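Student: You'll find target_23.cif just under this line, and it carries mmCIF, C-alpha atoms and all ligand atoms.
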data_structure
#
loop_
_atom_site.label_atom_id
_atom_site.label_comp_id
_atom_site.auth_asym_id
_atom_site.auth_seq_id
_atom_site.Cartn_x
_atom_site.Cartn_y
_atom_site.Cartn_z
CA MET Q 6 21.59 2.62 9.66
CA SER Q 7 19.27 1.28 6.96
CA GLN Q 8 18.71 3.11 3.69
CA VAL Q 9 16.18 5.94 3.35
CA LEU Q 10 13.79 4.43 0.83
CA LEU Q 11 11.07 7.06 0.58
CA GLU Q 12 11.39 10.72 1.45
CA THR Q 13 9.20 13.76 0.93
CA ARG Q 14 10.29 17.35 1.40
CA LYS Q 15 7.76 20.15 1.87
CA LEU Q 16 5.14 18.17 -0.07
CA LYS Q 17 2.19 20.41 -0.77
CA LEU Q 18 -1.21 20.01 -2.41
CA ALA Q 19 -4.53 21.83 -2.15
CA PHE Q 20 -7.87 21.08 -3.81
CA GLY Q 21 -9.25 24.59 -4.18
CA GLY Q 22 -9.08 26.02 -0.66
CA LEU Q 23 -8.72 22.61 0.99
CA VAL Q 24 -5.10 21.87 1.95
CA VAL Q 25 -4.65 18.09 1.74
CA ALA Q 26 -0.84 17.96 1.99
CA ASN Q 27 0.58 20.67 4.19
CA GLU Q 28 4.32 20.82 3.46
CA ILE Q 29 4.92 17.23 4.53
CA ASP Q 30 8.47 16.23 5.48
CA PHE Q 31 8.69 12.46 5.81
CA GLN Q 32 11.28 9.68 5.72
CA LEU Q 33 10.87 5.91 5.58
CA HIS Q 34 13.78 3.48 6.02
CA SER Q 35 13.99 0.11 4.35
CA GLY Q 36 12.67 -2.68 6.57
CA GLU Q 37 10.06 -0.52 8.30
CA ARG Q 38 6.39 -1.49 8.69
CA LEU Q 39 4.73 1.90 8.95
CA ALA Q 40 1.05 2.20 9.83
CA VAL Q 41 -0.65 5.41 8.73
CA ILE Q 42 -3.66 6.37 10.82
CA GLY Q 43 -6.02 9.33 10.54
CA GLN Q 44 -9.68 10.22 10.34
CA ASN Q 45 -11.61 10.09 7.06
CA GLY Q 46 -10.48 12.92 4.81
CA ALA Q 47 -7.20 13.55 6.70
CA GLY Q 48 -5.20 13.16 3.48
CA LYS Q 49 -3.77 9.64 3.80
CA THR Q 50 -4.76 8.41 0.33
CA THR Q 51 -3.80 11.75 -1.17
CA PHE Q 52 -0.28 11.37 0.25
CA ILE Q 53 -0.03 7.89 -1.28
CA ASN Q 54 -1.39 9.19 -4.60
CA ILE Q 55 1.27 11.89 -4.74
CA CYS Q 56 4.11 9.51 -3.81
CA THR Q 57 3.02 6.96 -6.42
CA GLY Q 58 2.54 9.49 -9.22
CA LEU Q 59 -1.27 9.55 -9.49
CA LEU Q 60 -1.37 13.16 -8.31
CA ARG Q 61 1.14 15.90 -8.99
CA PRO Q 62 1.97 18.07 -5.95
CA ASP Q 63 1.67 21.87 -6.04
CA GLY Q 64 5.07 22.03 -4.37
CA GLY Q 65 7.79 19.96 -2.75
CA ASN Q 66 9.48 16.74 -3.81
CA VAL Q 67 9.29 12.97 -3.52
CA TYR Q 68 12.49 10.92 -3.46
CA PHE Q 69 12.73 7.16 -3.84
CA ALA Q 70 16.03 5.52 -2.90
CA GLY Q 71 17.70 8.86 -3.47
CA ASP Q 72 16.14 9.67 -6.87
CA ASP Q 73 13.80 12.62 -7.29
CA ILE Q 74 10.64 10.99 -8.68
CA THR Q 75 8.34 14.00 -8.34
CA GLY Q 76 5.88 14.15 -11.25
CA ARG Q 77 7.00 10.84 -12.78
CA THR Q 78 4.28 8.56 -14.14
CA PRO Q 79 2.86 5.77 -11.97
CA ARG Q 80 4.30 3.21 -14.41
CA SER Q 81 7.80 4.62 -14.13
CA ILE Q 82 7.53 4.75 -10.33
CA VAL Q 83 6.47 1.08 -10.22
CA ARG Q 84 9.48 0.25 -12.39
CA ARG Q 85 11.69 2.16 -9.97
CA GLY Q 86 10.50 -0.11 -7.14
CA MET Q 87 7.43 1.39 -5.42
CA ALA Q 88 4.08 -0.38 -5.85
CA ARG Q 89 0.72 0.18 -4.15
CA SER Q 90 -2.63 -1.43 -3.60
CA PHE Q 91 -5.93 0.46 -3.53
CA GLN Q 92 -8.66 0.87 -0.89
CA LEU Q 93 -10.86 -1.20 -3.22
CA PRO Q 94 -9.04 -4.16 -4.84
CA GLN Q 95 -8.43 -3.55 -8.55
CA LEU Q 96 -9.11 -7.07 -9.78
CA PHE Q 97 -10.31 -8.37 -13.13
CA LEU Q 98 -13.30 -10.24 -11.73
CA ASP Q 99 -13.84 -12.49 -14.78
CA HIS Q 100 -10.23 -13.69 -14.75
CA THR Q 101 -9.08 -16.55 -12.58
CA VAL Q 102 -6.76 -16.10 -9.64
CA ARG Q 103 -3.85 -17.59 -11.59
CA GLU Q 104 -4.56 -15.47 -14.68
CA SER Q 105 -4.46 -12.37 -12.47
CA LEU Q 106 -0.94 -13.24 -11.35
CA GLN Q 107 0.05 -13.99 -14.96
CA ILE Q 108 -1.16 -10.54 -15.95
CA ALA Q 109 0.92 -8.96 -13.17
CA SER Q 110 3.98 -10.99 -14.23
CA ALA Q 111 3.46 -10.00 -17.87
CA SER Q 112 3.07 -6.38 -16.91
CA ARG Q 113 6.43 -6.45 -15.10
CA GLN Q 114 8.12 -8.10 -18.07
CA GLY Q 115 6.20 -6.31 -20.83
CA LYS Q 116 5.54 -9.70 -22.46
CA LEU Q 117 2.25 -10.95 -23.89
CA SER Q 118 3.38 -14.60 -23.72
CA ALA Q 119 3.63 -14.39 -19.94
CA TRP Q 120 0.10 -12.94 -19.85
CA MET Q 121 -1.25 -16.01 -21.61
CA GLY Q 122 0.49 -18.36 -19.21
CA LEU Q 123 3.01 -19.24 -21.90
CA GLY Q 124 5.89 -17.72 -20.03
CA LYS Q 125 9.10 -19.37 -18.91
CA ALA Q 126 9.10 -22.24 -16.42
CA SER Q 127 10.56 -19.79 -13.90
CA ASP Q 128 7.44 -17.59 -14.31
CA ARG Q 129 5.21 -20.57 -13.52
CA ILE Q 130 7.30 -21.47 -10.48
CA GLU Q 131 7.14 -17.88 -9.26
CA ILE Q 132 3.35 -17.84 -9.63
CA ASP Q 133 3.01 -21.20 -7.83
CA HIS Q 134 5.16 -19.82 -5.02
CA MET Q 135 3.07 -16.65 -4.76
CA LEU Q 136 -0.16 -18.72 -4.68
CA ASP Q 137 1.30 -20.73 -1.77
CA LEU Q 138 2.39 -17.57 0.03
CA ILE Q 139 -1.13 -16.12 0.00
CA GLY Q 140 -2.86 -19.47 0.52
CA LEU Q 141 -4.74 -19.42 -2.79
CA ARG Q 142 -3.16 -22.38 -4.64
CA ASP Q 143 -6.34 -24.47 -4.27
CA ARG Q 144 -8.50 -21.66 -5.72
CA GLN Q 145 -6.13 -20.72 -8.56
CA HIS Q 146 -8.53 -21.73 -11.35
CA GLU Q 147 -11.58 -19.97 -9.88
CA PRO Q 148 -12.68 -16.56 -11.13
CA CYS Q 149 -11.76 -13.70 -8.79
CA SER Q 150 -15.47 -12.94 -8.41
CA ASN Q 151 -15.76 -16.16 -6.31
CA LEU Q 152 -13.34 -14.90 -3.65
CA PRO Q 153 -14.45 -13.37 -0.35
CA GLU Q 154 -13.16 -9.85 0.36
CA GLY Q 155 -10.18 -11.00 2.47
CA GLN Q 156 -8.86 -13.23 -0.31
CA ARG Q 157 -9.48 -10.50 -2.91
CA LYS Q 158 -7.31 -8.19 -0.81
CA LEU Q 159 -4.58 -10.83 -0.60
CA LEU Q 160 -4.68 -11.43 -4.34
CA ASP Q 161 -4.49 -7.70 -4.98
CA VAL Q 162 -1.39 -7.52 -2.78
CA ALA Q 163 0.09 -10.59 -4.49
CA MET Q 164 -0.36 -8.88 -7.89
CA SER Q 165 1.60 -5.91 -6.54
CA LEU Q 166 4.30 -8.24 -5.17
CA MET Q 167 4.66 -9.84 -8.64
CA LEU Q 168 6.01 -6.43 -9.70
CA ARG Q 169 8.93 -7.13 -7.29
CA PRO Q 170 8.80 -3.80 -5.46
CA GLN Q 171 11.20 -2.67 -2.76
CA LEU Q 172 8.36 -0.73 -1.14
CA LEU Q 173 4.67 -1.62 -1.14
CA ILE Q 174 2.05 0.87 0.02
CA LEU Q 175 -1.20 -0.75 1.11
CA ASP Q 176 -4.24 1.52 1.34
CA GLU Q 177 -6.48 -0.09 3.98
CA PRO Q 178 -5.63 -3.77 3.40
CA THR Q 179 -8.29 -4.91 5.89
CA SER Q 180 -11.16 -2.57 5.01
CA GLY Q 181 -14.29 -4.50 4.12
CA VAL Q 182 -12.81 -7.67 5.65
CA SER Q 183 -14.84 -9.22 8.49
CA THR Q 184 -13.40 -8.69 11.99
CA GLU Q 185 -12.68 -12.41 12.44
CA ASP Q 186 -10.77 -12.58 9.13
CA LYS Q 187 -8.71 -9.39 9.59
CA HIS Q 188 -5.89 -10.97 11.58
CA THR Q 189 -5.62 -13.92 9.18
CA VAL Q 190 -5.35 -11.50 6.25
CA MET Q 191 -2.70 -9.44 8.05
CA GLU Q 192 -0.70 -12.50 9.18
CA THR Q 193 -0.64 -13.84 5.61
CA LEU Q 194 0.20 -10.47 4.18
CA MET Q 195 3.01 -9.73 6.64
CA SER Q 196 4.65 -13.11 6.15
CA ALA Q 197 4.51 -12.60 2.37
CA LEU Q 198 6.18 -9.18 2.80
CA ASP Q 199 8.82 -10.68 5.13
CA GLU Q 200 9.55 -13.51 2.73
CA GLN Q 201 9.89 -11.14 -0.22
CA LYS Q 202 11.90 -8.64 1.89
CA VAL Q 203 9.55 -5.79 1.03
CA THR Q 204 9.28 -2.61 3.10
CA ALA Q 205 5.68 -1.54 3.70
CA ILE Q 206 3.40 1.34 4.55
CA PHE Q 207 -0.19 0.42 5.36
CA VAL Q 208 -3.14 2.68 6.06
CA GLU Q 209 -5.23 1.18 8.82
CA HIS Q 210 -8.11 2.26 11.05
CA ASP Q 211 -8.09 -0.72 13.43
CA VAL Q 212 -5.90 0.03 16.47
CA ASP Q 213 -5.44 -3.67 17.32
CA ILE Q 214 -4.03 -4.31 13.85
CA VAL Q 215 -1.79 -1.23 14.04
CA SER Q 216 -0.30 -2.12 17.41
CA ARG Q 217 0.23 -5.73 16.43
CA TYR Q 218 1.83 -5.35 12.99
CA ALA Q 219 3.44 -1.89 12.77
CA THR Q 220 7.00 -1.03 13.82
CA ARG Q 221 6.15 2.67 13.56
CA VAL Q 222 2.97 4.77 13.35
CA ALA Q 223 2.37 8.13 11.65
CA ALA Q 224 -0.86 9.96 12.51
CA TRP Q 225 -2.35 12.26 9.90
CA ILE Q 226 -4.46 15.29 10.80
CA SER Q 227 -5.66 17.83 8.20
CA GLY Q 228 -3.03 17.07 5.57
CA GLY Q 229 -0.08 16.87 7.96
CA ILE Q 230 1.71 14.39 10.21
CA ALA Q 231 0.68 15.20 13.79
CA ALA Q 232 2.64 12.41 15.49
CA ASP Q 233 5.20 9.91 14.26
CA GLY Q 234 7.02 7.29 16.31
CA LYS Q 235 6.80 3.96 18.09
CA PRO Q 236 3.27 2.47 18.05
CA ALA Q 237 2.99 2.46 21.87
CA ASP Q 238 3.99 6.15 22.06
CA VAL Q 239 1.75 7.44 19.25
CA LEU Q 240 -1.27 5.36 20.27
CA SER Q 241 -1.03 6.51 23.91
CA ASN Q 242 -0.58 10.21 22.99
CA PRO Q 243 -3.68 11.96 24.51
CA MET Q 244 -4.00 14.38 21.55
CA ILE Q 245 -3.93 11.49 19.04
CA GLN Q 246 -6.39 9.51 21.14
CA LYS Q 247 -8.81 12.43 21.07
CA GLU Q 248 -8.32 13.80 17.55
CA VAL Q 249 -7.55 10.65 15.57
CA LEU Q 250 -8.83 7.66 17.48
CA GLY Q 251 -11.93 9.36 18.90
CA LEU Q 252 -11.38 7.84 22.37
N1 LIG G 301 -9.61 14.73 -6.62
C1 LIG G 301 -10.08 15.42 -5.57
N2 LIG G 301 -10.66 16.64 -5.74
C2 LIG G 301 -11.09 17.35 -4.69
N3 LIG G 301 -11.02 16.94 -3.39
C3 LIG G 301 -10.45 15.73 -3.17
C4 LIG G 301 -9.96 14.92 -4.23
N4 LIG G 301 -9.43 13.78 -3.69
C5 LIG G 301 -9.60 13.89 -2.37
N5 LIG G 301 -10.22 15.06 -2.05
C6 LIG G 301 -10.51 15.53 -0.69
O1 LIG G 301 -9.27 15.62 -0.01
C7 LIG G 301 -9.41 15.24 1.35
C8 LIG G 301 -8.44 14.14 1.66
O2 LIG G 301 -8.88 12.93 1.01
P1 LIG G 301 -8.14 11.54 1.16
O3 LIG G 301 -8.83 10.61 0.23
O4 LIG G 301 -6.69 11.74 1.01
O5 LIG G 301 -8.49 11.18 2.68
P2 LIG G 301 -8.15 9.86 3.50
O6 LIG G 301 -7.36 10.29 4.69
O7 LIG G 301 -7.57 8.82 2.63
O8 LIG G 301 -9.60 9.42 4.01
P3 LIG G 301 -10.29 7.94 4.15
O9 LIG G 301 -9.90 7.44 5.52
O10 LIG G 301 -11.75 8.25 4.09
O11 LIG G 301 -9.83 7.08 3.03
C9 LIG G 301 -10.88 14.87 1.53
O12 LIG G 301 -11.56 15.98 2.08
C10 LIG G 301 -11.35 14.56 0.13
O13 LIG G 301 -12.73 14.81 -0.01
MG MG G 302 -8.17 6.96 2.00
#
The structure in this file should be written as structure tokens.
Tutor:
Amino acid sequence: MSQVLLETRKLKLAFGGLVVANEIDFQLHSGERLAVIGQNGAGKTTFINICTGLLRPDGGNVYFAGDDITGRTPRSIVRRGMARSFQLPQLFLDHTVRESLQIASASRQGKLSAWMGLGKASDRIEIDHMLDLIGLRDRQHEPCSNLPEGQRKLLDVAMSLMLRPQLLILDEPTSGVSTEDKHTVMETLMSALDEQKVTAIFVEHDVDIVSRYATRVAAWISGGIAADGKPADVLSNPMIQKEVLGL
């Protein structure tokens, strides 16, 4: 059996009277591709924010590869091996695509020289490889502001991958991407994750994307996991179809 990479036990958080994490017990094994579905406001991003250290839970614990990481800083959690991307890409729009990857590389190494592109030859090779993986080598010297949304999303993910995580959590990697580009973005993203051997959780509203790319689906309702299992089972569950998918 593969390793339990991420685990939460009785994870709890309320904003005033609104319970956004209702004693969540959850386990993710390495190698999984978990899609998280749920209506707006169900608590998906909140769960990610707690796991990655942006929010502190009122109760319960988060474990990463066996270590209790509850309440640790986002920086320390990234160092431990869990990275995330945001619903809106967090890019430096004036920087070029290549500079963005240099910044991510420098951030991992804590070295200014790498930031300025003066890093080791191995850093440059790694960046070239990442540019090829996400199909942005020919746009590497353009400012990020030139990129369409799909490529911004891919660059954002690539910056997270430069941190060499074991687990990457993607909050809506295809939101804002045109319907015709969504599958291209997901194909590129999934092959990059496969190549880098990174386990992934992705929040996604599009059922076609979920059924095509997830190995498992967890459905969030009102701060809790209402169904969790194989994509075909969860997506055909009548309660999930009604309450989550609005069918
Ligand atoms: N800092 C905060 N203070 C108060 N309420 C918050 C805060 N952050 C989120 N909420 C509320 O908590 C609930 C869960 O929000 P969350 O962002 O986790 O939902 P979500 O499932 O990610 O939704 P979406 O699909 O729209 O991204 C929402 O009702 C939201 O308004
Ligand atoms: Mg959200």
Student: Please report as JSON lines every residue of chain Q lying within 9 Å of ligand LIG 301 (chain G), along with the nearest atom pair and their distance in Å (one decimal), using all atoms listed in the file.
Tutor:
{"residue": "Q:Ala19", "atom": "CA", "partner": "G:LIG301", "partner_atom": "O1", "distance": 8.1}
{"residue": "Q:Phe20", "atom": "CA", "partner": "G:LIG301", "partner_atom": "C2", "distance": 5.0}
{"residue": "Q:Gly21", "atom": "CA", "partner": "G:LIG301", "partner_atom": "C2", "distance": 7.5}
{"residue": "Q:Leu23", "atom": "CA", "partner": "G:LIG301", "partner_atom": "O1", "distance": 7.1}
{"residue": "Q:Val24", "atom": "CA", "partner": "G:LIG301", "partner_atom": "O1", "distance": 7.8}
{"residue": "Q:Val25", "atom": "CA", "partner": "G:LIG301", "partner_atom": "C8", "distance": 5.5}
{"residue": "Q:Ala26", "atom": "CA", "partner": "G:LIG301", "partner_atom": "C8", "distance": 8.5}
{"residue": "Q:Ile42", "atom": "CA", "partner": "G:LIG301", "partner_atom": "O6", "distance": 8.2}
{"residue": "Q:Gly43", "atom": "CA", "partner": "G:LIG301", "partner_atom": "O6", "distance": 6.1}
{"residue": "Q:Gln44", "atom": "CA", "partner": "G:LIG301", "partner_atom": "O9", "distance": 5.6}
{"residue": "Q:Asn45", "atom": "CA", "partner": "G:LIG301", "partner_atom": "O10", "distance": 3.5}
{"residue": "Q:Gly46", "atom": "CA", "partner": "G:LIG301", "partner_atom": "O5", "distance": 3.4}
{"residue": "Q:Ala47", "atom": "CA", "partner": "G:LIG301", "partner_atom": "O6", "distance": 3.8}
{"residue": "Q:Gly48", "atom": "CA", "partner": "G:LIG301", "partner_atom": "O4", "distance": 3.2}
{"residue": "Q:Lys49", "atom": "CA", "partner": "G:LIG301", "partner_atom": "O6", "distance": 3.8}
{"residue": "Q:Thr50", "atom": "CA", "partner": "G:LIG301", "partner_atom": "O7", "distance": 3.7}
{"residue": "Q:Thr51", "atom": "CA", "partner": "G:LIG301", "partner_atom": "O4", "distance": 3.6}
{"residue": "Q:Phe52", "atom": "CA", "partner": "G:LIG301", "partner_atom": "O4", "distance": 6.5}
{"residue": "Q:Ile53", "atom": "CA", "partner": "G:LIG301", "partner_atom": "O4", "distance": 8.0}
{"residue": "Q:Asn54", "atom": "CA", "partner": "G:LIG301", "partner_atom": "O4", "distance": 8.1}
{"residue": "Q:Leu60", "atom": "CA", "partner": "G:LIG301", "partner_atom": "N1", "distance": 8.6}
{"residue": "Q:Gln92", "atom": "CA", "partner": "G:LIG301", "partner_atom": "O11", "distance": 7.4}
{"residue": "Q:Asp176", "atom": "CA", "partner": "G:LIG301", "partner_atom": "O11", "distance": 8.1}
{"residue": "Q:Glu177", "atom": "CA", "partner": "G:LIG301", "partner_atom": "O11", "distance": 8.0}
{"residue": "Q:Val208", "atom": "CA", "partner": "G:LIG301", "partner_atom": "O9", "distance": 8.3}
{"residue": "Q:Glu209", "atom": "CA", "partner": "G:LIG301", "partner_atom": "O9", "distance": 8.5}
{"residue": "Q:His210", "atom": "CA", "partner": "G:LIG301", "partner_atom": "O9", "distance": 7.8}
{"residue": "Q:Trp225", "atom": "CA", "partner": "G:LIG301", "partner_atom": "O6", "distance": 7.5}
{"residue": "Q:Ile226", "atom": "CA", "partner": "G:LIG301", "partner_atom": "O6", "distance": 8.4}
{"residue": "Q:Ser227", "atom": "CA", "partner": "G:LIG301", "partner_atom": "C8", "distance": 8.0}
{"residue": "Q:Gly228", "atom": "CA", "partner": "G:LIG301", "partner_atom": "C8", "distance": 7.3}
Student: For a test of reading the model, state the distance in Å between CA of Asp233 (chain Q) and CA of Ala40 (chain Q), rounded to one decimal.
Tutor: 9.8 Å
Student: For a test of reading the model, state the distance in Å between CA of Tyr68 (chain Q) and CA of Ile82 (chain Q), rounded to one decimal.
Tutor: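 Those two atoms sit 10.5 Å apart.
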Student: Between Q:Val9, Q:Leu175, Q:Asn27, Q:Lys187, which one has atoms that come closest to ligand MG 302 (chain G), using only C-alpha atoms and all ligand atoms?
Tutor: Q:Leu175
Student: In Å to one decimal, how far is CA of Lys158 (chain Q) from CA of His134 (chain Q)?
Tutor: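 For CA of His134 (chain Q) relative to CA of Lys158 (chain Q), the distance reads 17.6 Å.
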Student: Would you mind telling me which residue in Q:Asp186, Q:Thr204, Q:Pro178, Q:Met191 lies nearest to ligand MG 302 (chain G) when using all atoms listed in the file?
Tutor: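 For ligand MG 302 (chain G), the nearest of the candidates is Q:Pro178.
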Student: Identify, on the basis of all atoms listed in the file, every residue whose closest approach to region 236-249 of chain Q does not exceed 7 Å; exclude the query and any residue fewer than 4 positions from it along the same chain; express the result as a PyMOL selection string.
Tutor: chain Q and resi 43-44+216+219-222+232
Student: Enclose the full set of atoms of region 26-35 of chain Q listed in the file within a box whose edges lie along x, y and z, apply 4 Å of padding to each of the six sides, and report centre and edge lengths in Å to one decimal as JSON.
Tutor:
{"center_x": 6.6, "center_y": 10.5, "center_z": 4.0, "size_x": 22.8, "size_y": 28.7, "size_z": 12.0}
Student: Using only C-alpha atoms and all ligand atoms, can you tell me which of Q:Ser90, Q:Arg103, Q:Thr189, Q:Ile132 comes closest to ligand MG 302 (chain G)?
Tutor: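 Closest residue, counting only C-alpha atoms and all ligand atoms: Q:Ser90.
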Student: From (9.6, 13.9, -4.6), in the file's coordinates, out to 7 Å: which residues are reached, counting all atoms listed in the file? Answer as a PyMOL selection string.
Tutor: chain Q and resi 13-14+65-68+73-75
Student: Only C-alpha atoms, please: the residues just picked out, written as a PDB file, in the frame of the given file.
Tutor:
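Produced file out-v6.pdb, reproduced below:
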ATOM      1  CA  THR Q  13       9.200  13.760   0.930  1.00  0.00           C
ATOM      2  CA  ARG Q  14      10.290  17.350   1.400  1.00  0.00           C
ATOM      3  CA  GLY Q  65       7.790  19.960  -2.750  1.00  0.00           C
ATOM      4  CA  ASN Q  66       9.480  16.740  -3.810  1.00  0.00           C
ATOM      5  CA  VAL Q  67       9.290  12.970  -3.520  1.00  0.00           C
ATOM      6  CA  TYR Q  68      12.490  10.920  -3.460  1.00  0.00           C
ATOM      7  CA  ASP Q  73      13.800  12.620  -7.290  1.00  0.00           C
ATOM      8  CA  ILE Q  74      10.640  10.990  -8.680  1.00  0.00           C
ATOM      9  CA  THR Q  75       8.340  14.000  -8.340  1.00  0.00           C
TER      10      THR Q  75
END
Student: Can you work out which one of Q:Ala109, Q:Ala163, Q:Ile29, Q:Leu39 has the shortest atom-to-atom distance to Ser196 (chain Q), counting all atoms listed in the file?
Tutor: Q:Ala163
Student: Here is a test: counting only C-alpha atoms and all ligand atoms, which residue of Q:Val190, Q:Leu160, Q:Met195, Q:Val41 is nearest to ligand MG 302 (chain G)?
Tutor: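 Checking each candidate against ligand MG 302 (chain G), we get Q:Val41 as the closest.
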